[in-house]
Amino acid sequence: MTTKKCYLKKNRDIPFKNHHPWIFSGAINKCDTNAKVGDEIAVYDSENNFIGYGLYNPKSQIRIRLYSFDLSQPLDDNFWKRKIISAINMRIRTLPHIAFKQACRIVYSEGDGLSGLIVDRYEDYLVVQFTSYALWLKKDIIIKVLQNNCFPKGIFLRTEKHILEEEGLELTDCLIEGQEPESDIIIEENGLFYYVDIQTGQKTGFYHDQRDNRLEIRNYAKEKRCLDICTYSGGFAMNMARGLAWDITAVDISPSALNIARRNAILNGLSSIKFVQADAFSYLTEQVKKSNLYDMIVLDPPKFTHSKSSVKQALKEYIQLNTLAMQLLDRSGILVTCSCSGRILLNDFIQAVHYAGLQAKKQVRILQYRGAAIDHPIMIQCQESSYLKCLICEIEPL
Ligand code: SAH
């Protein structure tokens, strides 16, 4: 079978010559007319120079995802095997053994040159997420490589709602291989234990990306009155406790997240943490009204934007949330502020935190720029793979 071809528009090919993996429809001049979802496509510039091999999806704004930039390496089974094993080996080299075995991201999409595939490990189980329809059609080889190299007892599929709209891919959560766990899954992260619900928890069940940031904040928490906003399974709050904070409140809007967070606190003997179900904005506004001050606040809200058109609105929300938090910090406080919106770049986020400081009439000093943990590598040609920003700031009165 001959590989189908696609030619890019003149002057629209630079990102792809630089190996960015997402070719949007607007950059394409012409494509084989009979190309269908999942087809392998050889991509050329307007002068017939080879750029790379990708997978096609006519229903997606990302018309082609590029995976190989080597003319002699098409996207055969061996290619997928090599990419997945390379991702696994990187984790073996860089993660502590316990993290690799217990709880980590085995494959991180663009960060591992596998745009559209996420694989997380929880003890003996793997959870996979496909955010590309075309890559989903390669699932048989992907699952086989994971089985042969990670030896899981079970592999679960978790889906994201917006994938149907963005990719035309309709999937439902299910067990795709092996068996269901017989009892609760409990993982260990930096000496703390967490129940993880891989079948109904958010995303794949846990946020591995904040692993190092959760550990780092212990260094700032001693004898502080702390707030953990958007706590999910209680991670930052429990690390505050490990850092000897004297009073901790953790807030989330989701009752099921709080249910697991409460169980985690008990599991670790940290039953003094107070858990509150509330909207972050309303809760912080209420605390400002009551002048209920804190010494340290973590803000780890969900993604505020999925599209270019909502970036401005998202920045407004970051400013609002950070302003409220700064108003609540006592004379010299610590703000750990995060953004997991890939569309918002570090400098824009810093600017949002700066505006928040001006509005709250506070001086902001960034003590640390941080990002996601090592198992979420940033592919240098794809800025979007650097989605998580975490600033540890000292906040003082003007
Ligand atoms: N800090 C967590 C991860 C947070 S993920 C950790 O370290 O694991 C974002 C969380 O924000 C989710 O638990 C979600 O339920 C919660 N959330 C979403 N919208 C919210 C809102 N308006 N107010 C409070 N929590 C919200």
# chains A, B, ... in the order shown; residues from 1 in each chain; ligands from 1
>>> residues_around(residues="range 67-71 of chain A", least_positions_apart="3", cutoff="12 Å", atoms="only C-alpha atoms", output="NGL selection string")
:A and (3 or 16-23 or 40-44 or 49-56 or 64 or 74-76 or 79-80 or 82-83 or 109-117 or 134-135)
>>> residues_near_ligand(ligand="ligand 1", cutoff="8 Å", atoms="only C-alpha atoms and all ligand atoms", output="VMD selection string")
chain A and resid 202 206 to 208 210 to 211 214 228 to 236 251 to 254 257 277 to 281 299 to 303
>>> residues_around(residues="Asp140 in chain A", least_positions_apart="6", cutoff="12 Å", atoms="only C-alpha atoms", output="list in words")
Asp77, Trp80, Lys81, Leu146, Gln147, Ile176 and Glu177 of chain A
>>> write_last_selection(atoms="N, CA, C and O atoms", output="short mmCIF file (atom, residue, chain, number, x, y, z; two decimals), in the first residue's frame")
data_model
loop_
_atom_site.label_atom_id
_atom_site.label_comp_id
_atom_site.auth_asym_id
_atom_site.auth_seq_id
_atom_site.Cartn_x
_atom_site.Cartn_y
_atom_site.Cartn_z
N ASP A 77 4.38 -0.96 13.14
CA ASP A 77 4.27 -1.45 14.53
C ASP A 77 5.58 -1.25 15.30
O ASP A 77 5.57 -0.93 16.48
N TRP A 80 5.85 2.31 16.80
CA TRP A 80 5.08 2.54 18.04
C TRP A 80 5.74 1.84 19.22
O TRP A 80 5.81 2.38 20.32
N LYS A 81 6.24 0.64 18.95
CA LYS A 81 6.90 -0.14 20.01
C LYS A 81 8.11 0.64 20.53
O LYS A 81 8.30 0.81 21.74
N LEU A 146 2.37 -2.24 25.86
CA LEU A 146 2.24 -1.95 27.30
C LEU A 146 2.19 -3.25 28.11
O LEU A 146 2.83 -3.37 29.16
N GLN A 147 1.46 -4.22 27.61
CA GLN A 147 1.37 -5.51 28.32
C GLN A 147 2.74 -6.17 28.42
O GLN A 147 3.14 -6.64 29.49
N ILE A 176 -10.05 -2.56 29.34
CA ILE A 176 -9.78 -3.10 28.00
C ILE A 176 -8.96 -4.38 28.02
O ILE A 176 -8.96 -5.12 27.05
N GLU A 177 -8.27 -4.63 29.09
CA GLU A 177 -7.47 -5.85 29.16
C GLU A 177 -7.37 -6.30 30.62
O GLU A 177 -7.35 -5.45 31.51
#
>>> closest_residue(among="A:Pro96, A:Arg343, A:Ala87, A:Glu167", to="Cys150 in chain A", atoms="only C-alpha atoms")
A:Ala87
>>> select_by_dssp(residues="range 114-318 of chain A", states="alpha helix (DSSP H)", output="VMD selection string")
chain A and resid 133 to 136 139 to 150 162 to 167 211 to 216 235 to 242 255 to 267 280 to 289 311 to 318
>>> closest_residue(among="A:Ile366, A:Ile62, A:Val196, A:Met379", to="Gly168 in chain A", atoms="only C-alpha atoms")
A:Ile62
>>> closest_residue(among="A:Asn268, A:Arg262, A:Lys59, A:Lys139", to="Leu169 in chain A", atoms="only C-alpha atoms")
A:Lys59
>>> residues_around(residues="Ala265 in chain A", least_positions_apart="4", cutoff="10 Å", atoms="only C-alpha atoms", output="JSON, numbers by chain")
{"A": [192, 193, 194, 233, 234, 235, 237, 238, 241, 260, 261, 269, 270, 271, 272, 273, 274, 275]}
>>> write_last_selection(atoms="N, CA, C and O atoms", output="PDB file, in the first residue's frame")
ATOM      1  N   LEU A 192       3.380   9.449  51.628  1.00  0.00           N
ATOM      2  CA  LEU A 192       1.939   9.563  51.926  1.00  0.00           C
ATOM      3  C   LEU A 192       1.190   8.548  51.062  1.00  0.00           C
ATOM      4  O   LEU A 192       1.605   8.246  49.938  1.00  0.00           O
ATOM      5  N   PHE A 193       0.075   8.068  51.610  1.00  0.00           N
ATOM      6  CA  PHE A 193      -0.699   7.049  50.891  1.00  0.00           C
ATOM      7  C   PHE A 193      -2.012   7.653  50.388  1.00  0.00           C
ATOM      8  O   PHE A 193      -2.621   8.478  51.076  1.00  0.00           O
ATOM      9  N   TYR A 194      -2.399   7.220  49.199  1.00  0.00           N
ATOM     10  CA  TYR A 194      -3.620   7.756  48.579  1.00  0.00           C
ATOM     11  C   TYR A 194      -4.461   6.629  48.007  1.00  0.00           C
ATOM     12  O   TYR A 194      -3.935   5.777  47.283  1.00  0.00           O
ATOM     13  N   SER A 233      -7.731  15.111  45.822  1.00  0.00           N
ATOM     14  CA  SER A 233      -7.670  14.011  46.794  1.00  0.00           C
ATOM     15  C   SER A 233      -6.860  14.381  48.039  1.00  0.00           C
ATOM     16  O   SER A 233      -6.399  13.506  48.763  1.00  0.00           O
ATOM     17  N   GLY A 234      -6.698  15.689  48.270  1.00  0.00           N
ATOM     18  CA  GLY A 234      -6.119  16.154  49.529  1.00  0.00           C
ATOM     19  C   GLY A 234      -4.598  16.285  49.522  1.00  0.00           C
ATOM     20  O   GLY A 234      -3.979  16.481  50.573  1.00  0.00           O
ATOM     21  N   GLY A 235      -3.979  16.199  48.349  1.00  0.00           N
ATOM     22  CA  GLY A 235      -2.523  16.115  48.262  1.00  0.00           C
ATOM     23  C   GLY A 235      -1.769  17.283  48.896  1.00  0.00           C
ATOM     24  O   GLY A 235      -0.904  17.070  49.760  1.00  0.00           O
ATOM     25  N   ALA A 237      -2.864  19.540  50.926  1.00  0.00           N
ATOM     26  CA  ALA A 237      -3.228  19.671  52.346  1.00  0.00           C
ATOM     27  C   ALA A 237      -2.439  18.670  53.193  1.00  0.00           C
ATOM     28  O   ALA A 237      -1.911  19.016  54.264  1.00  0.00           O
ATOM     29  N   MET A 238      -2.334  17.431  52.731  1.00  0.00           N
ATOM     30  CA  MET A 238      -1.623  16.425  53.531  1.00  0.00           C
ATOM     31  C   MET A 238      -0.128  16.734  53.595  1.00  0.00           C
ATOM     32  O   MET A 238       0.523  16.485  54.605  1.00  0.00           O
ATOM     33  N   ALA A 241       0.428  19.262  56.162  1.00  0.00           N
ATOM     34  CA  ALA A 241       0.456  18.623  57.483  1.00  0.00           C
ATOM     35  C   ALA A 241       1.832  18.005  57.747  1.00  0.00           C
ATOM     36  O   ALA A 241       2.387  18.142  58.848  1.00  0.00           O
ATOM     37  N   ILE A 260     -12.899  11.148  48.822  1.00  0.00           N
ATOM     38  CA  ILE A 260     -11.620  10.439  48.750  1.00  0.00           C
ATOM     39  C   ILE A 260     -10.557  11.184  49.568  1.00  0.00           C
ATOM     40  O   ILE A 260      -9.723  10.573  50.250  1.00  0.00           O
ATOM     41  N   ALA A 261     -10.587  12.521  49.529  1.00  0.00           N
ATOM     42  CA  ALA A 261      -9.610  13.328  50.297  1.00  0.00           C
ATOM     43  C   ALA A 261      -9.746  13.036  51.805  1.00  0.00           C
ATOM     44  O   ALA A 261      -8.744  12.854  52.503  1.00  0.00           O
ATOM     45  N   GLY A 269      -3.455   9.236  58.978  1.00  0.00           N
ATOM     46  CA  GLY A 269      -3.498   9.707  60.367  1.00  0.00           C
ATOM     47  C   GLY A 269      -3.471  11.227  60.460  1.00  0.00           C
ATOM     48  O   GLY A 269      -2.910  11.791  61.404  1.00  0.00           O
ATOM     49  N   LEU A 270      -4.071  11.900  59.480  1.00  0.00           N
ATOM     50  CA  LEU A 270      -4.052  13.372  59.466  1.00  0.00           C
ATOM     51  C   LEU A 270      -5.476  13.903  59.592  1.00  0.00           C
ATOM     52  O   LEU A 270      -5.939  14.711  58.785  1.00  0.00           O
ATOM     53  N   SER A 271      -6.173  13.432  60.614  1.00  0.00           N
ATOM     54  CA  SER A 271      -7.602  13.716  60.676  1.00  0.00           C
ATOM     55  C   SER A 271      -7.930  15.144  61.117  1.00  0.00           C
ATOM     56  O   SER A 271      -9.101  15.523  61.156  1.00  0.00           O
ATOM     57  N   SER A 272      -6.913  15.964  61.407  1.00  0.00           N
ATOM     58  CA  SER A 272      -7.251  17.334  61.821  1.00  0.00           C
ATOM     59  C   SER A 272      -7.480  18.277  60.626  1.00  0.00           C
ATOM     60  O   SER A 272      -7.924  19.406  60.793  1.00  0.00           O
ATOM     61  N   ILE A 273      -7.191  17.810  59.406  1.00  0.00           N
ATOM     62  CA  ILE A 273      -7.439  18.674  58.232  1.00  0.00           C
ATOM     63  C   ILE A 273      -8.950  18.882  58.079  1.00  0.00           C
ATOM     64  O   ILE A 273      -9.725  17.924  58.144  1.00  0.00           O
ATOM     65  N   LYS A 274      -9.347  20.146  57.865  1.00  0.00           N
ATOM     66  CA  LYS A 274     -10.786  20.425  57.677  1.00  0.00           C
ATOM     67  C   LYS A 274     -11.085  20.436  56.176  1.00  0.00           C
ATOM     68  O   LYS A 274     -10.377  21.088  55.415  1.00  0.00           O
ATOM     69  N   PHE A 275     -12.096  19.725  55.763  1.00  0.00           N
ATOM     70  CA  PHE A 275     -12.470  19.693  54.344  1.00  0.00           C
ATOM     71  C   PHE A 275     -13.795  20.428  54.147  1.00  0.00           C
ATOM     72  O   PHE A 275     -14.742  20.202  54.904  1.00  0.00           O
TER      73      PHE A 275
END
>>> residues_around(residues="range 25-38 of chain A", least_positions_apart="4", cutoff="8 Å", atoms="only C-alpha atoms", output="list in words")
Lys4, Lys5, Cys6, Tyr7, Leu8, Lys9, Arg12, Asp13, Leu55, Tyr56, Asn57, Pro58, Lys59, Gln61, Ile62, Arg63, Tyr133, Ala134, Leu135 and Leu137 of chain A
>>> write_last_selection(atoms="N, CA and C atoms", output="compact mmCIF listing (two decimals), in the first residue's frame")
# COMPACT_ATOMS: atom_id res chain seq x y z
N LYS A 4 -0.28 7.72 1.66
CA LYS A 4 -0.94 8.91 1.10
C LYS A 4 -0.10 10.14 1.37
N LYS A 5 -0.33 11.18 0.55
CA LYS A 5 0.53 12.35 0.66
C LYS A 5 -0.28 13.61 0.95
N CYS A 6 0.41 14.54 1.55
CA CYS A 6 -0.21 15.84 1.83
C CYS A 6 0.85 16.91 1.60
N TYR A 7 0.44 18.04 0.98
CA TYR A 7 1.37 19.15 0.74
C TYR A 7 0.91 20.36 1.54
N LEU A 8 1.87 20.99 2.20
CA LEU A 8 1.53 22.15 3.03
C LEU A 8 1.60 23.43 2.19
N LYS A 9 0.94 24.47 2.71
CA LYS A 9 0.98 25.77 2.03
C LYS A 9 2.35 26.39 2.22
N ARG A 12 3.54 28.28 5.49
CA ARG A 12 2.80 27.77 6.66
C ARG A 12 3.49 26.52 7.21
N ASP A 13 4.69 26.22 6.64
CA ASP A 13 5.29 24.93 6.98
C ASP A 13 6.38 25.02 8.06
N LEU A 55 -0.58 10.90 11.29
CA LEU A 55 -1.86 10.22 11.18
C LEU A 55 -2.94 11.26 10.92
N TYR A 56 -3.89 10.88 10.08
CA TYR A 56 -4.88 11.83 9.56
C TYR A 56 -6.23 11.68 10.26
N ASN A 57 -6.87 12.82 10.49
CA ASN A 57 -8.25 12.79 10.98
C ASN A 57 -9.02 13.96 10.37
N PRO A 58 -9.88 13.68 9.38
CA PRO A 58 -10.58 14.78 8.69
C PRO A 58 -11.56 15.50 9.60
N LYS A 59 -11.93 14.87 10.75
CA LYS A 59 -12.93 15.48 11.63
C LYS A 59 -12.31 16.42 12.66
N GLN A 61 -9.74 19.48 14.09
CA GLN A 61 -9.03 20.71 13.72
C GLN A 61 -7.55 20.39 13.50
N ILE A 62 -7.02 19.50 14.35
CA ILE A 62 -5.65 19.01 14.13
C ILE A 62 -5.77 17.92 13.07
N ARG A 63 -5.63 18.32 11.81
CA ARG A 63 -5.91 17.41 10.71
C ARG A 63 -4.90 16.27 10.68
N TYR A 133 -8.35 10.37 17.65
CA TYR A 133 -9.10 9.27 17.04
C TYR A 133 -8.16 8.38 16.24
N ALA A 134 -7.24 9.03 15.46
CA ALA A 134 -6.35 8.25 14.59
C ALA A 134 -5.46 7.33 15.41
N LEU A 135 -4.96 7.83 16.55
CA LEU A 135 -4.08 7.00 17.37
C LEU A 135 -4.86 5.86 18.04
N LEU A 137 -6.97 4.13 16.71
CA LEU A 137 -7.03 3.01 15.76
C LEU A 137 -5.75 2.16 15.80
>>> closest_atom_pairs(of="range 166-275 of chain A", to="range 386-393 of chain A", cutoff="9 Å", atoms="only C-alpha atoms", output="JSON lines")
{"residue": "A:Asp209", "atom": "CA", "partner": "A:Leu388", "partner_atom": "CA", "distance": 7.9}
{"residue": "A:Gln210", "atom": "CA", "partner": "A:Leu388", "partner_atom": "CA", "distance": 8.6}
{"residue": "A:Asn213", "atom": "CA", "partner": "A:Cys390", "partner_atom": "CA", "distance": 7.7}
{"residue": "A:Ile217", "atom": "CA", "partner": "A:Ile392", "partner_atom": "CA", "distance": 8.5}
>>> closest_residue(among="A:Ala250, A:Ile395, A:Ile141, A:Leu95", to="Arg331 in chain A", atoms="only C-alpha atoms")
A:Ile395
>>> closest_residue(among="A:His162, A:Arg121, A:Arg93, A:Lys361", to="His306 in chain A", atoms="only C-alpha atoms")
A:His162
>>> residues_around(residues="Pro152 in chain A", least_positions_apart="6", cutoff="8 Å", atoms="only C-alpha atoms", output="VMD selection string")
chain A and resid 124 to 126 146 178
>>> decode(residues="range 206-221 of chain A", atoms="all heavy atoms", output="mmCIF file, in the first residue's frame")
data_model
loop_
_atom_site.group_PDB
_atom_site.id
_atom_site.type_symbol
_atom_site.label_atom_id
_atom_site.label_comp_id
_atom_site.auth_asym_id
_atom_site.auth_seq_id
_atom_site.Cartn_x
_atom_site.Cartn_y
_atom_site.Cartn_z
ATOM 1 N N PHE A 206 -5.763 10.473 39.354
ATOM 2 C CA PHE A 206 -4.839 11.163 40.255
ATOM 3 C C PHE A 206 -4.022 12.149 39.432
ATOM 4 O O PHE A 206 -3.837 11.952 38.222
ATOM 5 C CB PHE A 206 -3.901 10.126 40.888
ATOM 6 C CG PHE A 206 -3.065 10.628 42.026
ATOM 7 C CD1 PHE A 206 -3.636 10.954 43.251
ATOM 8 C CD2 PHE A 206 -1.680 10.773 41.886
ATOM 9 C CE1 PHE A 206 -2.853 11.405 44.298
ATOM 10 C CE2 PHE A 206 -0.893 11.220 42.936
ATOM 11 C CZ PHE A 206 -1.482 11.536 44.143
ATOM 12 N N TYR A 207 -3.503 13.200 40.101
ATOM 13 C CA TYR A 207 -2.704 14.200 39.384
ATOM 14 C C TYR A 207 -1.220 13.992 39.689
ATOM 15 O O TYR A 207 -0.662 14.595 40.594
ATOM 16 C CB TYR A 207 -3.164 15.613 39.769
ATOM 17 C CG TYR A 207 -4.557 15.920 39.274
ATOM 18 C CD1 TYR A 207 -5.678 15.670 40.066
ATOM 19 C CD2 TYR A 207 -4.765 16.415 37.990
ATOM 20 C CE1 TYR A 207 -6.968 15.921 39.598
ATOM 21 C CE2 TYR A 207 -6.049 16.668 37.511
ATOM 22 C CZ TYR A 207 -7.135 16.425 38.326
ATOM 23 O OH TYR A 207 -8.404 16.666 37.850
ATOM 24 N N HIS A 208 -0.576 13.142 38.902
ATOM 25 C CA HIS A 208 0.852 12.871 39.098
ATOM 26 C C HIS A 208 1.704 14.119 38.880
ATOM 27 O O HIS A 208 2.784 14.245 39.442
ATOM 28 C CB HIS A 208 1.355 11.824 38.094
ATOM 29 C CG HIS A 208 0.714 10.488 38.222
ATOM 30 N ND1 HIS A 208 0.792 9.738 39.366
ATOM 31 C CD2 HIS A 208 0.008 9.758 37.333
ATOM 32 C CE1 HIS A 208 0.156 8.594 39.173
ATOM 33 N NE2 HIS A 208 -0.330 8.586 37.961
ATOM 34 N N ASP A 209 1.222 15.010 38.011
ATOM 35 C CA ASP A 209 2.065 16.153 37.601
ATOM 36 C C ASP A 209 2.492 17.041 38.772
ATOM 37 O O ASP A 209 3.541 17.670 38.729
ATOM 38 C CB ASP A 209 1.360 16.985 36.512
ATOM 39 C CG ASP A 209 -0.047 17.434 36.880
ATOM 40 O OD1 ASP A 209 -0.526 17.069 37.974
ATOM 41 O OD2 ASP A 209 -0.666 18.149 36.073
ATOM 42 N N GLN A 210 1.692 17.076 39.845
ATOM 43 C CA GLN A 210 2.007 17.944 40.983
ATOM 44 C C GLN A 210 2.860 17.242 42.047
ATOM 45 O O GLN A 210 3.074 17.794 43.132
ATOM 46 C CB GLN A 210 0.703 18.431 41.640
ATOM 47 C CG GLN A 210 -0.105 19.418 40.792
ATOM 48 C CD GLN A 210 0.466 20.835 40.835
ATOM 49 O OE1 GLN A 210 1.644 21.047 41.080
ATOM 50 N NE2 GLN A 210 -0.391 21.809 40.606
ATOM 51 N N ARG A 211 3.358 16.058 41.755
ATOM 52 C CA ARG A 211 4.083 15.262 42.768
ATOM 53 C C ARG A 211 5.187 16.063 43.466
ATOM 54 O O ARG A 211 5.238 16.135 44.689
ATOM 55 C CB ARG A 211 4.666 14.009 42.110
ATOM 56 C CG ARG A 211 5.429 13.098 43.064
ATOM 57 C CD ARG A 211 6.221 12.010 42.316
ATOM 58 N NE ARG A 211 5.413 11.296 41.365
ATOM 59 C CZ ARG A 211 5.624 11.313 40.029
ATOM 60 N NH1 ARG A 211 6.634 11.989 39.524
ATOM 61 N NH2 ARG A 211 4.844 10.650 39.212
ATOM 62 N N ASP A 212 6.072 16.678 42.679
ATOM 63 C CA ASP A 212 7.218 17.376 43.283
ATOM 64 C C ASP A 212 6.794 18.681 43.964
ATOM 65 O O ASP A 212 7.411 19.099 44.938
ATOM 66 C CB ASP A 212 8.264 17.713 42.208
ATOM 67 C CG ASP A 212 8.830 16.455 41.568
ATOM 68 O OD1 ASP A 212 8.605 15.360 42.106
ATOM 69 O OD2 ASP A 212 9.496 16.584 40.523
ATOM 70 N N ASN A 213 5.763 19.317 43.417
ATOM 71 C CA ASN A 213 5.303 20.575 44.026
ATOM 72 C C ASN A 213 4.634 20.306 45.371
ATOM 73 O O ASN A 213 4.798 21.062 46.331
ATOM 74 C CB ASN A 213 4.355 21.312 43.073
ATOM 75 C CG ASN A 213 5.058 21.670 41.781
ATOM 76 O OD1 ASN A 213 6.275 21.889 41.795
ATOM 77 N ND2 ASN A 213 4.342 21.709 40.679
ATOM 78 N N ARG A 214 3.888 19.186 45.426
ATOM 79 C CA ARG A 214 3.275 18.817 46.709
ATOM 80 C C ARG A 214 4.355 18.600 47.766
ATOM 81 O O ARG A 214 4.223 19.018 48.912
ATOM 82 C CB ARG A 214 2.434 17.535 46.545
ATOM 83 C CG ARG A 214 1.101 17.769 45.850
ATOM 84 C CD ARG A 214 0.205 16.538 45.936
ATOM 85 N NE ARG A 214 0.586 15.485 45.024
ATOM 86 C CZ ARG A 214 0.023 15.247 43.844
ATOM 87 N NH1 ARG A 214 -0.997 15.983 43.445
ATOM 88 N NH2 ARG A 214 0.427 14.266 43.077
ATOM 89 N N LEU A 215 5.457 17.977 47.349
ATOM 90 C CA LEU A 215 6.543 17.717 48.309
ATOM 91 C C LEU A 215 7.223 19.034 48.703
ATOM 92 O O LEU A 215 7.474 19.286 49.891
ATOM 93 C CB LEU A 215 7.567 16.772 47.662
ATOM 94 C CG LEU A 215 8.780 16.413 48.504
ATOM 95 C CD1 LEU A 215 8.352 15.624 49.757
ATOM 96 C CD2 LEU A 215 9.773 15.569 47.692
ATOM 97 N N GLU A 216 7.468 19.881 47.724
ATOM 98 C CA GLU A 216 8.207 21.117 47.972
ATOM 99 C C GLU A 216 7.509 22.028 48.979
ATOM 100 O O GLU A 216 8.157 22.673 49.801
ATOM 101 C CB GLU A 216 8.415 21.865 46.635
ATOM 102 C CG GLU A 216 9.143 23.193 46.736
ATOM 103 C CD GLU A 216 10.566 23.064 47.269
ATOM 104 O OE1 GLU A 216 11.151 21.972 47.197
ATOM 105 O OE2 GLU A 216 11.072 24.088 47.792
ATOM 106 N N ILE A 217 6.179 22.066 48.916
ATOM 107 C CA ILE A 217 5.490 23.033 49.785
ATOM 108 C C ILE A 217 5.617 22.689 51.272
ATOM 109 O O ILE A 217 5.374 23.531 52.129
ATOM 110 C CB ILE A 217 4.010 23.243 49.385
ATOM 111 C CG1 ILE A 217 3.213 21.947 49.505
ATOM 112 C CG2 ILE A 217 3.893 23.825 47.991
ATOM 113 C CD1 ILE A 217 2.216 22.017 50.614
ATOM 114 N N ARG A 218 6.041 21.462 51.569
ATOM 115 C CA ARG A 218 6.286 21.127 52.992
ATOM 116 C C ARG A 218 7.270 22.115 53.610
ATOM 117 O O ARG A 218 7.178 22.436 54.785
ATOM 118 C CB ARG A 218 6.898 19.724 53.120
ATOM 119 C CG ARG A 218 5.960 18.614 52.776
ATOM 120 C CD ARG A 218 6.643 17.276 53.046
ATOM 121 N NE ARG A 218 5.850 16.190 52.484
ATOM 122 C CZ ARG A 218 6.182 14.917 52.553
ATOM 123 N NH1 ARG A 218 7.294 14.545 53.147
ATOM 124 N NH2 ARG A 218 5.413 13.986 52.033
ATOM 125 N N ASN A 219 8.232 22.561 52.783
ATOM 126 C CA ASN A 219 9.288 23.447 53.289
ATOM 127 C C ASN A 219 8.784 24.825 53.704
ATOM 128 O O ASN A 219 9.514 25.587 54.316
ATOM 129 C CB ASN A 219 10.375 23.637 52.219
ATOM 130 C CG ASN A 219 11.069 22.336 51.914
ATOM 131 O OD1 ASN A 219 11.287 21.532 52.820
ATOM 132 N ND2 ASN A 219 11.385 22.108 50.653
ATOM 133 N N TYR A 220 7.565 25.157 53.320
ATOM 134 C CA TYR A 220 7.045 26.497 53.609
ATOM 135 C C TYR A 220 5.929 26.481 54.653
ATOM 136 O O TYR A 220 5.449 27.532 55.048
ATOM 137 C CB TYR A 220 6.493 27.124 52.325
ATOM 138 C CG TYR A 220 7.539 27.345 51.249
ATOM 139 C CD1 TYR A 220 7.860 26.341 50.341
ATOM 140 C CD2 TYR A 220 8.210 28.561 51.161
ATOM 141 C CE1 TYR A 220 8.823 26.536 49.365
ATOM 142 C CE2 TYR A 220 9.174 28.764 50.174
ATOM 143 C CZ TYR A 220 9.473 27.756 49.292
ATOM 144 O OH TYR A 220 10.429 27.963 48.328
ATOM 145 N N ALA A 221 5.499 25.276 55.056
ATOM 146 C CA ALA A 221 4.237 25.185 55.796
ATOM 147 C C ALA A 221 4.363 25.281 57.319
ATOM 148 O O ALA A 221 3.360 25.483 58.016
ATOM 149 C CB ALA A 221 3.550 23.869 55.425
#
